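What follows is the content of input37.cif, which has mmCIF, C-alpha atoms (C1' of nucleotides):
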data_work
loop_
_atom_site.label_atom_id
_atom_site.label_comp_id
_atom_site.auth_asym_id
_atom_site.auth_seq_id
_atom_site.Cartn_x
_atom_site.Cartn_y
_atom_site.Cartn_z
CA MET A 13 21.02 -8.82 53.52
CA GLU A 14 20.96 -5.05 53.09
CA HIS A 15 23.18 -5.55 50.13
CA ARG A 16 20.70 -7.81 48.41
CA ILE A 17 17.81 -5.50 49.21
CA ASP A 18 19.76 -2.66 47.68
CA ARG A 19 20.37 -4.69 44.59
CA ILE A 20 16.72 -5.54 44.25
CA LYS A 21 15.79 -1.93 44.87
CA LYS A 22 17.87 -1.01 41.86
CA GLN A 23 16.20 -3.71 39.79
CA LEU A 24 12.81 -2.28 40.71
CA HIS A 25 13.88 1.28 39.95
CA SER A 26 15.24 0.27 36.59
CA LYS A 27 11.67 -0.67 35.65
CA SER A 28 10.35 2.41 37.49
CA TYR A 29 8.79 0.57 40.36
CA LYS A 30 9.34 1.74 43.90
CA LEU A 31 10.52 -0.23 46.88
CA THR A 32 7.71 0.72 49.22
CA PRO A 33 7.76 -0.28 52.89
CA GLN A 34 5.25 -3.04 52.17
CA ARG A 35 7.34 -4.40 49.35
CA GLU A 36 10.44 -4.22 51.46
CA ALA A 37 8.77 -6.04 54.35
CA THR A 38 7.66 -8.75 51.94
CA LEU A 39 11.15 -9.04 50.52
CA ARG A 40 12.67 -9.32 53.97
CA VAL A 41 10.38 -12.19 54.81
CA LEU A 42 11.43 -13.96 51.63
CA LEU A 43 15.10 -13.36 52.41
CA GLU A 44 14.76 -14.58 56.00
CA ARG A 45 12.95 -17.74 54.98
CA GLU A 46 14.91 -18.34 51.85
CA GLU A 47 15.13 -22.07 52.29
CA ASP A 48 11.37 -22.48 52.61
CA HIS A 49 8.76 -22.58 49.90
CA LEU A 50 6.18 -20.21 51.23
CA SER A 51 2.67 -19.84 49.96
CA ALA A 52 1.14 -16.39 49.54
CA GLU A 53 -0.76 -17.00 52.76
CA ASP A 54 2.43 -17.93 54.61
CA VAL A 55 4.15 -14.81 53.36
CA PHE A 56 1.17 -12.71 54.33
CA LEU A 57 1.15 -13.99 57.92
CA LEU A 58 4.88 -13.44 58.31
CA VAL A 59 4.77 -9.98 56.80
CA LYS A 60 1.92 -9.11 59.11
CA ASP A 61 4.32 -9.46 62.06
CA LYS A 62 6.53 -6.76 60.60
CA ALA A 63 3.83 -4.56 59.12
CA PRO A 64 0.43 -5.48 60.59
CA GLU A 65 -1.47 -3.03 58.42
CA ILE A 66 -0.60 -4.81 55.19
CA GLY A 67 -3.36 -6.42 53.16
CA LEU A 68 -3.38 -9.85 51.59
CA ALA A 69 -4.02 -8.42 48.15
CA THR A 70 -0.92 -6.27 48.45
CA VAL A 71 1.19 -9.29 49.23
CA TYR A 72 -0.26 -11.02 46.19
CA ARG A 73 0.50 -8.01 44.02
CA THR A 74 4.02 -7.73 45.37
CA LEU A 75 4.72 -11.40 44.80
CA GLU A 76 3.31 -11.13 41.30
CA LEU A 77 5.55 -8.14 40.63
CA LEU A 78 8.65 -9.85 41.99
CA SER A 79 7.77 -12.86 39.92
CA GLU A 80 7.52 -10.78 36.75
CA LEU A 81 10.93 -9.30 37.42
CA LYS A 82 12.31 -12.80 37.94
CA ILE A 83 13.34 -11.95 41.48
CA VAL A 84 11.22 -14.78 42.78
CA ASP A 85 9.97 -17.93 41.08
CA LYS A 86 6.34 -18.87 41.34
CA ILE A 87 6.09 -22.60 41.63
CA ASN A 88 3.32 -25.09 41.86
CA PHE A 89 3.71 -28.55 43.30
CA GLY A 90 0.14 -29.49 42.50
CA ASP A 91 -1.24 -28.99 46.00
CA GLY A 92 -3.44 -26.11 44.93
CA VAL A 93 -1.30 -23.25 46.24
CA SER A 94 1.35 -21.29 44.46
CA ARG A 95 4.63 -21.03 46.28
CA TYR A 96 7.18 -18.30 45.96
CA ASP A 97 10.86 -18.88 45.94
CA LEU A 98 13.64 -16.34 45.92
CA ARG A 99 15.88 -16.84 42.94
CA GLN A 100 19.56 -17.29 43.70
CA GLU A 101 21.57 -14.23 42.72
CA GLY A 102 23.43 -14.67 39.50
CA VAL A 103 21.67 -17.92 38.76
CA GLU A 104 19.66 -17.33 35.66
CA HIS A 105 17.67 -20.51 35.54
CA PHE A 106 14.94 -22.01 37.59
CA HIS A 107 16.18 -24.51 40.12
CA HIS A 108 14.85 -28.00 40.59
CA HIS A 109 12.88 -29.61 43.36
CA LEU A 110 12.67 -32.96 45.04
CA VAL A 111 9.21 -33.40 46.51
CA CYS A 112 8.82 -36.27 48.95
CA MET A 113 5.57 -38.17 48.42
CA GLU A 114 5.74 -39.44 51.99
CA CYS A 115 6.37 -36.40 54.19
CA GLY A 116 5.88 -33.59 51.70
CA SER A 117 9.30 -32.08 52.29
CA VAL A 118 10.90 -30.15 49.48
CA GLU A 119 14.60 -30.13 48.73
CA GLU A 120 16.24 -27.90 46.20
CA ILE A 121 18.84 -28.60 43.62
CA ILE A 122 20.65 -25.51 42.51
CA GLU A 123 22.97 -26.97 39.95
CA ASP A 124 21.83 -27.16 36.42
CA LEU A 125 21.42 -30.78 35.49
CA LEU A 126 19.70 -30.09 32.24
CA GLU A 127 22.28 -28.56 29.97
CA ASP A 128 22.58 -31.69 27.88
CA VAL A 129 18.84 -32.23 27.79
CA GLU A 130 18.25 -28.66 26.67
CA LYS A 131 20.70 -29.09 23.83
CA ILE A 132 18.78 -32.14 22.66
CA VAL A 133 15.49 -30.27 22.83
CA GLU A 134 16.86 -27.34 20.88
CA THR A 135 18.38 -29.41 18.11
CA ASP A 136 15.80 -32.20 17.83
CA TRP A 137 12.64 -30.18 18.39
CA GLY A 138 13.73 -26.73 17.21
CA PHE A 139 12.46 -25.34 20.49
CA LYS A 140 14.33 -22.35 21.93
CA VAL A 141 14.46 -23.00 25.68
CA LYS A 142 14.14 -19.97 27.94
CA ASP A 143 13.45 -21.66 31.24
CA HIS A 144 12.68 -25.06 32.65
CA ARG A 145 10.89 -26.58 35.57
CA LEU A 146 11.90 -29.95 36.80
CA THR A 147 10.38 -31.63 39.79
CA PHE A 148 11.08 -35.14 40.97
CA HIS A 149 8.49 -36.94 43.03
CA GLY A 150 9.74 -39.73 45.20
CA ILE A 151 10.91 -40.69 48.65
CA CYS A 152 13.45 -38.59 50.51
CA ARG A 153 16.45 -39.95 52.34
CA GLN A 154 14.81 -39.54 55.74
CA CYS A 155 11.61 -41.34 54.82
CA GLN A 156 13.53 -44.18 53.18
CA LYS A 157 15.40 -44.60 56.44
CA GLU A 158 12.19 -44.62 58.48
CA ALA A 159 10.54 -47.13 56.18
CA LEU A 160 13.55 -49.37 56.63
CA ASP A 161 13.42 -49.02 60.43
CA ASN A 162 9.72 -49.86 60.55
CA GLU A 163 10.32 -52.89 58.42
CA GLU A 164 12.92 -54.11 60.87
CA ASP A 165 10.57 -53.51 63.80
CA SER A 166 7.71 -55.44 62.25
CA SER A 167 9.93 -58.34 61.37
CA GLU A 168 10.88 -58.66 65.02
CA ASP A 169 7.43 -59.63 66.35
CA MET B 8 -9.71 -47.53 20.12
CA GLU B 9 -11.94 -50.34 21.40
CA HIS B 10 -8.82 -52.26 22.10
CA ARG B 11 -7.44 -49.59 24.37
CA ILE B 12 -10.75 -49.18 26.16
CA ASP B 13 -10.81 -52.90 26.78
CA ARG B 14 -7.32 -52.74 28.19
CA ILE B 15 -8.25 -49.91 30.52
CA LYS B 16 -11.39 -51.75 31.53
CA LYS B 17 -9.21 -54.61 32.67
CA GLN B 18 -6.97 -52.22 34.57
CA LEU B 19 -9.98 -50.86 36.37
CA HIS B 20 -11.36 -54.31 37.15
CA SER B 21 -8.03 -55.44 38.51
CA LYS B 22 -8.46 -52.79 41.21
CA SER B 23 -12.17 -53.60 41.45
CA TYR B 24 -13.44 -50.46 39.83
CA LYS B 25 -16.10 -50.64 37.16
CA LEU B 26 -16.09 -49.08 33.73
CA THR B 27 -19.41 -47.30 33.99
CA PRO B 28 -20.98 -45.58 30.96
CA GLN B 29 -19.92 -42.21 32.42
CA ARG B 30 -16.36 -43.34 32.88
CA GLU B 31 -16.32 -44.82 29.41
CA ALA B 32 -17.65 -41.60 27.88
CA THR B 33 -14.97 -39.65 29.69
CA LEU B 34 -12.30 -42.02 28.50
CA ARG B 35 -13.52 -41.78 24.92
CA VAL B 36 -13.21 -38.02 25.02
CA LEU B 37 -9.65 -38.35 26.28
CA LEU B 38 -8.83 -40.87 23.56
CA GLU B 39 -10.35 -38.72 20.82
CA ARG B 40 -8.52 -35.61 21.94
CA GLU B 41 -5.34 -37.34 22.89
CA GLU B 42 -3.06 -34.67 21.50
CA ASP B 43 -4.73 -31.91 23.51
CA HIS B 44 -4.26 -31.01 27.13
CA LEU B 45 -7.80 -30.68 28.36
CA SER B 46 -8.91 -29.11 31.59
CA ALA B 47 -11.59 -30.75 33.70
CA GLU B 48 -14.03 -28.17 32.38
CA ASP B 49 -13.07 -28.97 28.76
CA VAL B 50 -13.56 -32.65 29.38
CA PHE B 51 -16.87 -31.98 31.05
CA LEU B 52 -18.22 -30.01 28.09
CA LEU B 53 -17.08 -32.63 25.60
CA VAL B 54 -18.46 -35.52 27.62
CA LYS B 55 -21.75 -33.67 27.91
CA ASP B 56 -22.18 -34.07 24.14
CA LYS B 57 -22.03 -37.84 24.48
CA ALA B 58 -23.77 -38.16 27.81
CA PRO B 59 -25.68 -34.99 28.66
CA GLU B 60 -26.81 -36.24 32.03
CA ILE B 61 -23.29 -36.42 33.45
CA GLY B 62 -22.34 -34.10 36.28
CA LEU B 63 -19.21 -32.03 36.63
CA ALA B 64 -18.31 -33.70 39.91
CA THR B 65 -18.44 -37.12 38.26
CA VAL B 66 -15.99 -35.96 35.63
CA TYR B 67 -13.67 -34.71 38.35
CA ARG B 68 -13.92 -37.97 40.23
CA THR B 69 -13.33 -40.00 37.09
CA LEU B 70 -10.29 -37.97 36.16
CA GLU B 71 -9.00 -38.30 39.71
CA LEU B 72 -9.49 -42.06 39.55
CA LEU B 73 -7.79 -42.39 36.18
CA SER B 74 -4.99 -40.28 37.51
CA GLU B 75 -4.50 -42.52 40.53
CA LEU B 76 -4.32 -45.54 38.29
CA LYS B 77 -1.74 -43.75 36.15
CA ILE B 78 -3.96 -44.00 33.12
CA VAL B 79 -3.91 -40.24 32.77
CA ASP B 80 -1.42 -37.70 34.05
CA LYS B 81 -2.65 -34.66 35.88
CA ILE B 82 -0.52 -31.73 34.88
CA ASN B 83 -0.31 -28.13 35.80
CA PHE B 84 1.25 -25.46 33.65
CA GLY B 85 0.68 -22.78 36.23
CA ASP B 86 -2.42 -21.28 34.63
CA GLY B 87 -4.67 -22.24 37.51
CA VAL B 88 -6.32 -25.26 35.94
CA SER B 89 -5.27 -28.85 36.09
CA ARG B 90 -5.02 -30.56 32.76
CA TYR B 91 -5.42 -34.24 32.06
CA ASP B 92 -3.32 -36.16 29.67
CA LEU B 93 -3.67 -39.75 28.55
CA ARG B 94 -0.51 -41.66 29.27
CA GLN B 95 1.03 -43.53 26.34
CA GLU B 96 0.50 -47.27 26.62
CA GLY B 97 3.50 -49.11 27.96
CA VAL B 98 5.30 -45.90 28.88
CA GLU B 99 5.73 -45.95 32.59
CA HIS B 100 6.96 -42.44 33.16
CA PHE B 101 5.49 -39.01 32.89
CA HIS B 102 6.23 -37.34 29.60
CA HIS B 103 7.66 -33.88 29.18
CA HIS B 104 6.21 -30.70 27.75
CA LEU B 105 7.41 -27.77 25.71
CA VAL B 106 5.24 -24.77 26.46
CA CYS B 107 5.59 -21.87 24.04
CA MET B 108 5.65 -18.53 25.84
CA GLU B 109 4.55 -16.82 22.63
CA CYS B 110 1.54 -18.73 21.37
CA GLY B 111 0.84 -21.00 24.33
CA SER B 112 1.07 -24.19 22.30
CA VAL B 113 2.13 -27.35 24.07
CA GLU B 114 4.28 -30.02 22.47
CA GLU B 115 5.00 -33.35 24.04
CA ILE B 116 8.18 -35.29 24.35
CA ILE B 117 7.61 -38.95 24.93
CA GLU B 118 11.16 -40.18 25.21
CA ASP B 119 12.78 -40.25 28.56
CA LEU B 120 15.56 -37.70 28.62
CA LEU B 121 16.17 -37.91 32.31
CA GLU B 122 17.66 -41.30 32.99
CA ASP B 123 21.10 -39.86 33.59
CA VAL B 124 19.78 -37.02 35.67
CA GLU B 125 17.77 -39.38 37.83
CA LYS B 126 20.84 -41.46 38.51
CA ILE B 127 22.64 -38.36 39.73
CA VAL B 128 19.76 -37.40 41.98
CA GLU B 129 19.57 -40.88 43.48
CA THR B 130 23.27 -41.18 44.19
CA ASP B 131 24.09 -37.59 45.15
CA TRP B 132 20.93 -36.72 47.08
CA GLY B 133 19.82 -40.15 48.27
CA PHE B 134 16.40 -39.43 46.84
CA LYS B 135 14.44 -42.37 45.45
CA VAL B 136 12.78 -41.04 42.31
CA LYS B 137 9.30 -42.36 41.53
CA ASP B 138 8.22 -39.87 38.90
CA HIS B 139 9.30 -36.63 37.35
CA ARG B 140 7.79 -33.61 35.73
CA LEU B 141 9.78 -31.59 33.32
CA THR B 142 8.47 -28.59 31.45
CA PHE B 143 10.45 -26.32 29.22
CA HIS B 144 9.28 -22.79 28.65
CA GLY B 145 10.49 -21.10 25.51
CA ILE B 146 9.71 -20.32 21.89
CA CYS B 147 8.42 -22.96 19.55
CA ARG B 148 9.72 -23.53 16.05
CA GLN B 149 6.71 -21.83 14.45
CA CYS B 150 6.99 -18.66 16.55
CA GLN B 151 10.72 -18.45 15.99
CA LYS B 152 10.04 -18.56 12.27
CA GLU B 153 7.41 -15.85 12.50
CA ALA B 154 9.65 -13.64 14.58
CA LEU B 155 12.34 -14.02 11.93
CA ASP B 156 9.90 -13.18 9.12
CA ASN B 157 8.71 -10.05 10.91
CA GLU B 158 12.27 -8.98 11.43
CA GLU B 159 12.93 -9.30 7.73
CA ASP B 160 9.78 -7.32 6.89
CA SER B 161 10.67 -4.48 9.20
CA SER B 162 14.23 -4.30 7.92
CA GLU B 163 12.86 -3.75 4.41
CA ASP B 164 11.27 -0.34 5.03
"C1'" DT C 6 -37.61 -63.05 41.52
"C1'" DT C 7 -36.63 -60.48 45.91
"C1'" DT C 8 -33.41 -58.36 48.97
"C1'" DA C 9 -29.24 -56.73 50.85
"C1'" DT C 10 -25.04 -54.49 50.08
"C1'" DA C 11 -21.76 -51.79 48.23
"C1'" DC C 12 -20.78 -48.65 44.54
"C1'" DT C 13 -21.81 -44.70 41.55
"C1'" DT C 14 -23.91 -40.71 40.14
"C1'" DT C 15 -26.27 -36.35 40.53
"C1'" DA C 16 -27.21 -31.81 42.05
"C1'" DT C 17 -26.07 -28.51 45.05
"C1'" DA C 18 -23.59 -26.27 48.42
"C1'" DA C 19 -19.24 -25.27 50.46
"C1'" DT C 20 -14.35 -24.20 50.35
"C1'" DC C 21 -10.32 -21.99 49.37
"C1'" DA C 22 -6.91 -19.51 46.64
"C1'" DT C 23 -6.73 -15.72 43.91
"C1'" DT C 24 -8.37 -11.40 41.58
"C1'" DA C 25 -11.24 -7.36 40.80
"C1'" DT C 26 -13.40 -3.31 42.61
"C1'" DA C 27 -14.01 0.90 44.76
"C1'" DC C 28 -12.28 3.71 47.58
"C1'" DT C 29 -8.27 5.95 50.40
"C1'" DT C 30 -3.53 7.12 51.30
"C1'" DT C 31 1.04 8.54 50.23
"C1'" DG C 32 4.66 11.03 48.36
"C1'" DA C 33 7.03 13.42 44.64
"C1'" DC C 34 7.01 17.60 42.40
"C1'" DA C 35 5.17 21.98 40.54
"C1'" DT D 10 0.32 23.91 49.79
"C1'" DG D 11 -2.10 21.53 45.98
"C1'" DT D 12 -2.25 18.04 42.43
"C1'" DC D 13 -1.65 13.65 40.37
"C1'" DA D 14 -0.30 9.10 39.81
"C1'" DA D 15 1.23 5.12 41.96
"C1'" DA D 16 0.27 2.03 45.91
"C1'" DG D 17 -2.35 0.33 49.39
"C1'" DT D 18 -6.67 -1.32 51.98
"C1'" DA D 19 -10.90 -3.84 52.76
"C1'" DT D 20 -14.23 -6.38 50.88
"C1'" DA D 21 -16.69 -8.67 47.44
"C1'" DA D 22 -16.53 -11.64 43.56
"C1'" DT D 23 -14.74 -15.40 40.86
"C1'" DG D 24 -13.58 -19.83 39.55
"C1'" DA D 25 -11.62 -24.40 40.23
"C1'" DT D 26 -12.21 -28.13 43.03
"C1'" DT D 27 -14.32 -31.00 46.77
"C1'" DA D 28 -17.80 -32.51 50.08
"C1'" DT D 29 -22.42 -33.90 51.06
"C1'" DA D 30 -26.76 -35.96 50.87
"C1'" DA D 31 -30.11 -38.29 48.34
"C1'" DA D 32 -31.14 -41.49 44.82
"C1'" DG D 33 -30.00 -44.97 41.44
"C1'" DT D 34 -27.80 -49.46 39.95
"C1'" DA D 35 -25.49 -53.76 39.65
"C1'" DT D 36 -24.40 -58.14 41.72
"C1'" DA D 37 -24.92 -62.02 44.30
"C1'" DA D 38 -27.03 -64.65 47.93
"C1'" DA D 39 -31.65 -66.28 49.63
#
Would it be possible to restate this file's structure as structure tokens?
Amino acid sequence: MEHRIDRIKKQLHSKSYKLTPQREATLRVLLEREEDHLSAEDVFLLVKDKAPEIGLATVYRTLELLSELKIVDKINFGDGVSRYDLRQEGVEHFHHHLVCMECGSVEEIIEDLLEDVEKIVETDWGFKVKDHRLTFHGICRQCQKEALDNEEDSSED
Amino acid sequence: MEHRIDRIKKQLHSKSYKLTPQREATLRVLLEREEDHLSAEDVFLLVKDKAPEIGLATVYRTLELLSELKIVDKINFGDGVSRYDLRQEGVEHFHHHLVCMECGSVEEIIEDLLEDVEKIVETDWGFKVKDHRLTFHGICRQCQKEALDNEEDSSED
DNA sequence: TTTATACTTTATAATCATTATACTTTGACA
DNA sequence: TGTCAAAGTATAATGATTATAAAGTATAAA
């Protein structure tokens, strides 16, 4: 983890930003909860454990900064809150999400499934793609299973 | 246009909703500005011209209703406002968008580019896809052209 | 034509995420 | 040590959306 923080520190310095204790605390939270999709509020509460004197606005500013530098991705699943997601190292594109309409869980897909689609867009529409956001809405494996189980139950009475 | 309104009226009735004058006025605005991506506020202001007595909350509720019935799509480009987009008739899936990072223009792609990708998601992740949202961020044809022109200008001095 | 019932709409207030403001603190460097 | 700019804090303000309460409206039975 120290390694990644160091790397990010360098990224900040290269744009003449500093890695202040507050920013570091925020980063550590994001690193520790990498698999989650935390809202600004979530991040704030978790950072508060490490650095209780931090303000909400600072967390917002830090997340905004990290987002500008493409260290995190700011995503929006349409539930009214922005969520912040650490970008995989070395992966230059936005990853995809599977949002379950039943339980609200979010899975990630790291691999790029869109290379072919991007080619089509670039040639057919003359649009130079820089980034993409792809979200599937549907039913996750777990919820499909549960739906099936319930069906079996109800057919037994 | 009357034809489409009639069709939508039937869709509403089939779920026992009524096409009230307010709902009709809202729909007409959406039909007239089909190529735009209007926010609730935009729709409100435009509907006010037709039916000045309408309230903002009614517009929100109408858009929410139309969205539930899949007559419009509620989209979010991350600018803090939801936008509402009439769904093409007979097209059962969400369409895609090309958002220009330079001029902010939004182009639409109606064709489904994701059939293959969805198959992969369903088989590899066991995720039953119901809908998808795909947005590309990049530079539109027009802005690419302008950038090129400027480059030529500056190389002339 | 009344009356009952269930929807709709309106206006306004409330909510909630996010941002702006007005200080205060910190830390590098002269 | 003193100065200055970047960062941070607390709090207020903003702006999109939603909830609420009161009033209106259509429909169908009496």
Go through segment 64-101 of chain B and flag each residue having an atom no more than 10 Å from segment 8-26 of chain C; for those, report the closest pair of atoms plus their distance in Å to one decimal, using only C-alpha atoms (C1' of nucleotides), ordered by chain and rising number, as a Markdown table.
| residue | atom | partner | partner_atom | distance |
| --- | --- | --- | --- | --- |
| B:Ala64 | CA | C:DT15 | C1' | 8.4 |
| B:Thr65 | CA | C:DT14 | C1' | 6.8 |
| B:Gly87 | CA | C:DT23 | C1' | 9.4 |
Quick one: write out the picked residues with C-alpha atoms as a compact mmCIF listing (two decimals), in the frame of the given file?
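Result file follows (result03.txt):
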# COMPACT_ATOMS: atom_id res chain seq x y z
CA ALA B 64 -18.31 -33.70 39.91
CA THR B 65 -18.44 -37.12 38.26
CA GLY B 87 -4.67 -22.24 37.51
Considering all atoms listed in the file, can you say which of B:Arg68, B:Lys25, B:Arg140, B:Lys17 comes closest to DT26 of chain D?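 Going through B:Arg68, B:Lys25, B:Arg140, B:Lys17 one by one, the smallest distance to DT26 of chain D is for B:Arg68.
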For chain A versus chain C, which residues have an atom no more than 12 Å away, and what is each residue's nearest atom pair and distance in Å rounded to one decimal, using all atoms listed in the file, chain-then-number order, as JSON lines?
{"residue": "A:Lys30", "atom": "CA", "partner": "C:DG32", "partner_atom": "C1'", "distance": 11.3}
{"residue": "A:Thr32", "atom": "CA", "partner": "C:DT31", "partner_atom": "C1'", "distance": 10.3}
{"residue": "A:Pro33", "atom": "CA", "partner": "C:DT31", "partner_atom": "C1'", "distance": 11.4}
{"residue": "A:Ser51", "atom": "CA", "partner": "C:DA22", "partner_atom": "C1'", "distance": 10.1}
{"residue": "A:Ala52", "atom": "CA", "partner": "C:DA22", "partner_atom": "C1'", "distance": 9.1}
{"residue": "A:Glu53", "atom": "CA", "partner": "C:DA22", "partner_atom": "C1'", "distance": 9.0}
{"residue": "A:Leu68", "atom": "CA", "partner": "C:DT23", "partner_atom": "C1'", "distance": 10.2}
{"residue": "A:Ala69", "atom": "CA", "partner": "C:DT24", "partner_atom": "C1'", "distance": 8.4}
{"residue": "A:Thr70", "atom": "CA", "partner": "C:DT24", "partner_atom": "C1'", "distance": 11.4}
{"residue": "A:Val71", "atom": "CA", "partner": "C:DT23", "partner_atom": "C1'", "distance": 11.5}
{"residue": "A:Tyr72", "atom": "CA", "partner": "C:DT23", "partner_atom": "C1'", "distance": 8.3}
{"residue": "A:Arg73", "atom": "CA", "partner": "C:DT24", "partner_atom": "C1'", "distance": 9.8}
{"residue": "A:Glu76", "atom": "CA", "partner": "C:DT23", "partner_atom": "C1'", "distance": 11.3}
{"residue": "A:Asp91", "atom": "CA", "partner": "C:DA22", "partner_atom": "C1'", "distance": 11.1}
{"residue": "A:Gly92", "atom": "CA", "partner": "C:DA22", "partner_atom": "C1'", "distance": 7.7}
{"residue": "A:Val93", "atom": "CA", "partner": "C:DA22", "partner_atom": "C1'", "distance": 6.8}
{"residue": "A:Ser94", "atom": "CA", "partner": "C:DA22", "partner_atom": "C1'", "distance": 8.7}
{"residue": "A:Arg95", "atom": "CA", "partner": "C:DA22", "partner_atom": "C1'", "distance": 11.6}
Nearest to Val111 of chain A, restricted to all atoms listed in the file and choosing among B:Val54, B:Ile127, B:Leu38, B:Val136, comes out as B:Val136
Selection under test: the PyMOL selection byres ((chain A and resi 31) around 12); residues as a PyMOL selection string: (chain A and resi 17-30+32-40+74+77-78) or (chain D and resi 15-16)
Residues of chain B within 7 Å of chain A, using all atoms listed in the file, as an MDAnalysis selection string? chainID B and resid 83 85 120 124 133:148
Rows by chain and residue number, chain D within 8 Å of chain A, shortest pair, only C-alpha atoms (C1' of nucleotides), as a Markdown table:
| residue | atom | partner | partner_atom | distance |
| --- | --- | --- | --- | --- |
| D:DG17 | C1' | A:Thr70 | CA | 6.8 |
| D:DT18 | C1' | A:Gly67 | CA | 6.2 |
| D:DA19 | C1' | A:Gly67 | CA | 8.0 |
Between atom CA of Asp85 of chain A and atom CA of Tyr91 of chain B, measure the distance and give it in Å to one decimal.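 Those two atoms sit 24.2 Å apart.
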Could you give me, as a short mmCIF file (atom, residue, chain, number, x, y, z; two decimals) with C-alpha atoms, keeping the file's coordinate frame, the residues within 12 Å of Gln100 of chain A, counting all atoms listed in the file and dropping anything in the same chain fewer than 2 positions from it?
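So the final result, stored in out-v6.cif, reads:
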data_model
loop_
_atom_site.label_atom_id
_atom_site.label_comp_id
_atom_site.auth_asym_id
_atom_site.auth_seq_id
_atom_site.Cartn_x
_atom_site.Cartn_y
_atom_site.Cartn_z
CA ARG A 16 20.70 -7.81 48.41
CA LEU A 42 11.43 -13.96 51.63
CA LEU A 43 15.10 -13.36 52.41
CA GLU A 46 14.91 -18.34 51.85
CA GLU A 47 15.13 -22.07 52.29
CA LYS A 82 12.31 -12.80 37.94
CA ILE A 83 13.34 -11.95 41.48
CA VAL A 84 11.22 -14.78 42.78
CA ASP A 85 9.97 -17.93 41.08
CA ASP A 97 10.86 -18.88 45.94
CA LEU A 98 13.64 -16.34 45.92
CA GLY A 102 23.43 -14.67 39.50
CA VAL A 103 21.67 -17.92 38.76
CA GLU A 104 19.66 -17.33 35.66
CA HIS A 105 17.67 -20.51 35.54
CA PHE A 106 14.94 -22.01 37.59
CA HIS A 107 16.18 -24.51 40.12
CA GLU A 120 16.24 -27.90 46.20
CA ILE A 121 18.84 -28.60 43.62
CA ILE A 122 20.65 -25.51 42.51
CA GLU A 123 22.97 -26.97 39.95
#
Given 5 Å of margin on each side, can you work out the centre and size in Å (one decimal) of an axis-aligned box holding every listed atom of segment 27-36 of chain B, as AutoDock Vina command-line options?
--center_x -16.6 --center_y -42.7 --center_z 29.5 --size_x 18.7 --size_y 19.3 --size_z 19.1
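Straight-line separation from atom CA of Leu58 of chain A to atom CA of Arg45 of chain A: 9.7 Å.
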Starting from the sparse input, extend segment 109-121 of chain A to N, CA and C atoms and give the output as a PDB file, keeping the file's coordinate frame.
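Now in out.pdb:
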ATOM      1  N   HIS A 109      13.411 -29.224  42.060  1.00  0.00           N
ATOM      2  CA  HIS A 109      12.880 -29.610  43.360  1.00  0.00           C
ATOM      3  C   HIS A 109      12.721 -31.109  43.489  1.00  0.00           C
ATOM      4  N   LEU A 110      12.950 -31.571  44.711  1.00  0.00           N
ATOM      5  CA  LEU A 110      12.670 -32.960  45.040  1.00  0.00           C
ATOM      6  C   LEU A 110      11.534 -32.967  46.057  1.00  0.00           C
ATOM      7  N   VAL A 111      10.366 -33.396  45.622  1.00  0.00           N
ATOM      8  CA  VAL A 111       9.210 -33.400  46.510  1.00  0.00           C
ATOM      9  C   VAL A 111       8.992 -34.816  47.032  1.00  0.00           C
ATOM     10  N   CYS A 112       9.007 -34.941  48.358  1.00  0.00           N
ATOM     11  CA  CYS A 112       8.820 -36.270  48.950  1.00  0.00           C
ATOM     12  C   CYS A 112       7.332 -36.603  49.010  1.00  0.00           C
ATOM     13  N   MET A 113       6.972 -37.764  48.461  1.00  0.00           N
ATOM     14  CA  MET A 113       5.570 -38.170  48.420  1.00  0.00           C
ATOM     15  C   MET A 113       5.111 -38.643  49.785  1.00  0.00           C
ATOM     16  N   GLU A 114       6.058 -38.886  50.669  1.00  0.00           N
ATOM     17  CA  GLU A 114       5.740 -39.440  51.990  1.00  0.00           C
ATOM     18  C   GLU A 114       5.481 -38.299  52.979  1.00  0.00           C
ATOM     19  N   CYS A 115       6.464 -37.422  53.146  1.00  0.00           N
ATOM     20  CA  CYS A 115       6.370 -36.400  54.190  1.00  0.00           C
ATOM     21  C   CYS A 115       6.139 -35.004  53.614  1.00  0.00           C
ATOM     22  N   GLY A 116       6.175 -34.887  52.305  1.00  0.00           N
ATOM     23  CA  GLY A 116       5.880 -33.590  51.700  1.00  0.00           C
ATOM     24  C   GLY A 116       7.033 -32.595  51.711  1.00  0.00           C
ATOM     25  N   SER A 117       8.168 -32.997  52.241  1.00  0.00           N
ATOM     26  CA  SER A 117       9.300 -32.080  52.290  1.00  0.00           C
ATOM     27  C   SER A 117       9.784 -31.742  50.884  1.00  0.00           C
ATOM     28  N   VAL A 118      10.396 -30.587  50.773  1.00  0.00           N
ATOM     29  CA  VAL A 118      10.900 -30.150  49.480  1.00  0.00           C
ATOM     30  C   VAL A 118      12.368 -29.797  49.584  1.00  0.00           C
ATOM     31  N   GLU A 119      13.180 -30.461  48.800  1.00  0.00           N
ATOM     32  CA  GLU A 119      14.600 -30.130  48.730  1.00  0.00           C
ATOM     33  C   GLU A 119      14.867 -29.400  47.435  1.00  0.00           C
ATOM     34  N   GLU A 120      15.922 -28.624  47.420  1.00  0.00           N
ATOM     35  CA  GLU A 120      16.240 -27.900  46.200  1.00  0.00           C
ATOM     36  C   GLU A 120      17.539 -28.381  45.596  1.00  0.00           C
ATOM     37  N   ILE A 121      17.592 -28.337  44.315  1.00  0.00           N
ATOM     38  CA  ILE A 121      18.840 -28.600  43.620  1.00  0.00           C
ATOM     39  C   ILE A 121      19.185 -27.352  42.827  1.00  0.00           C
TER      40      ILE A 121
END
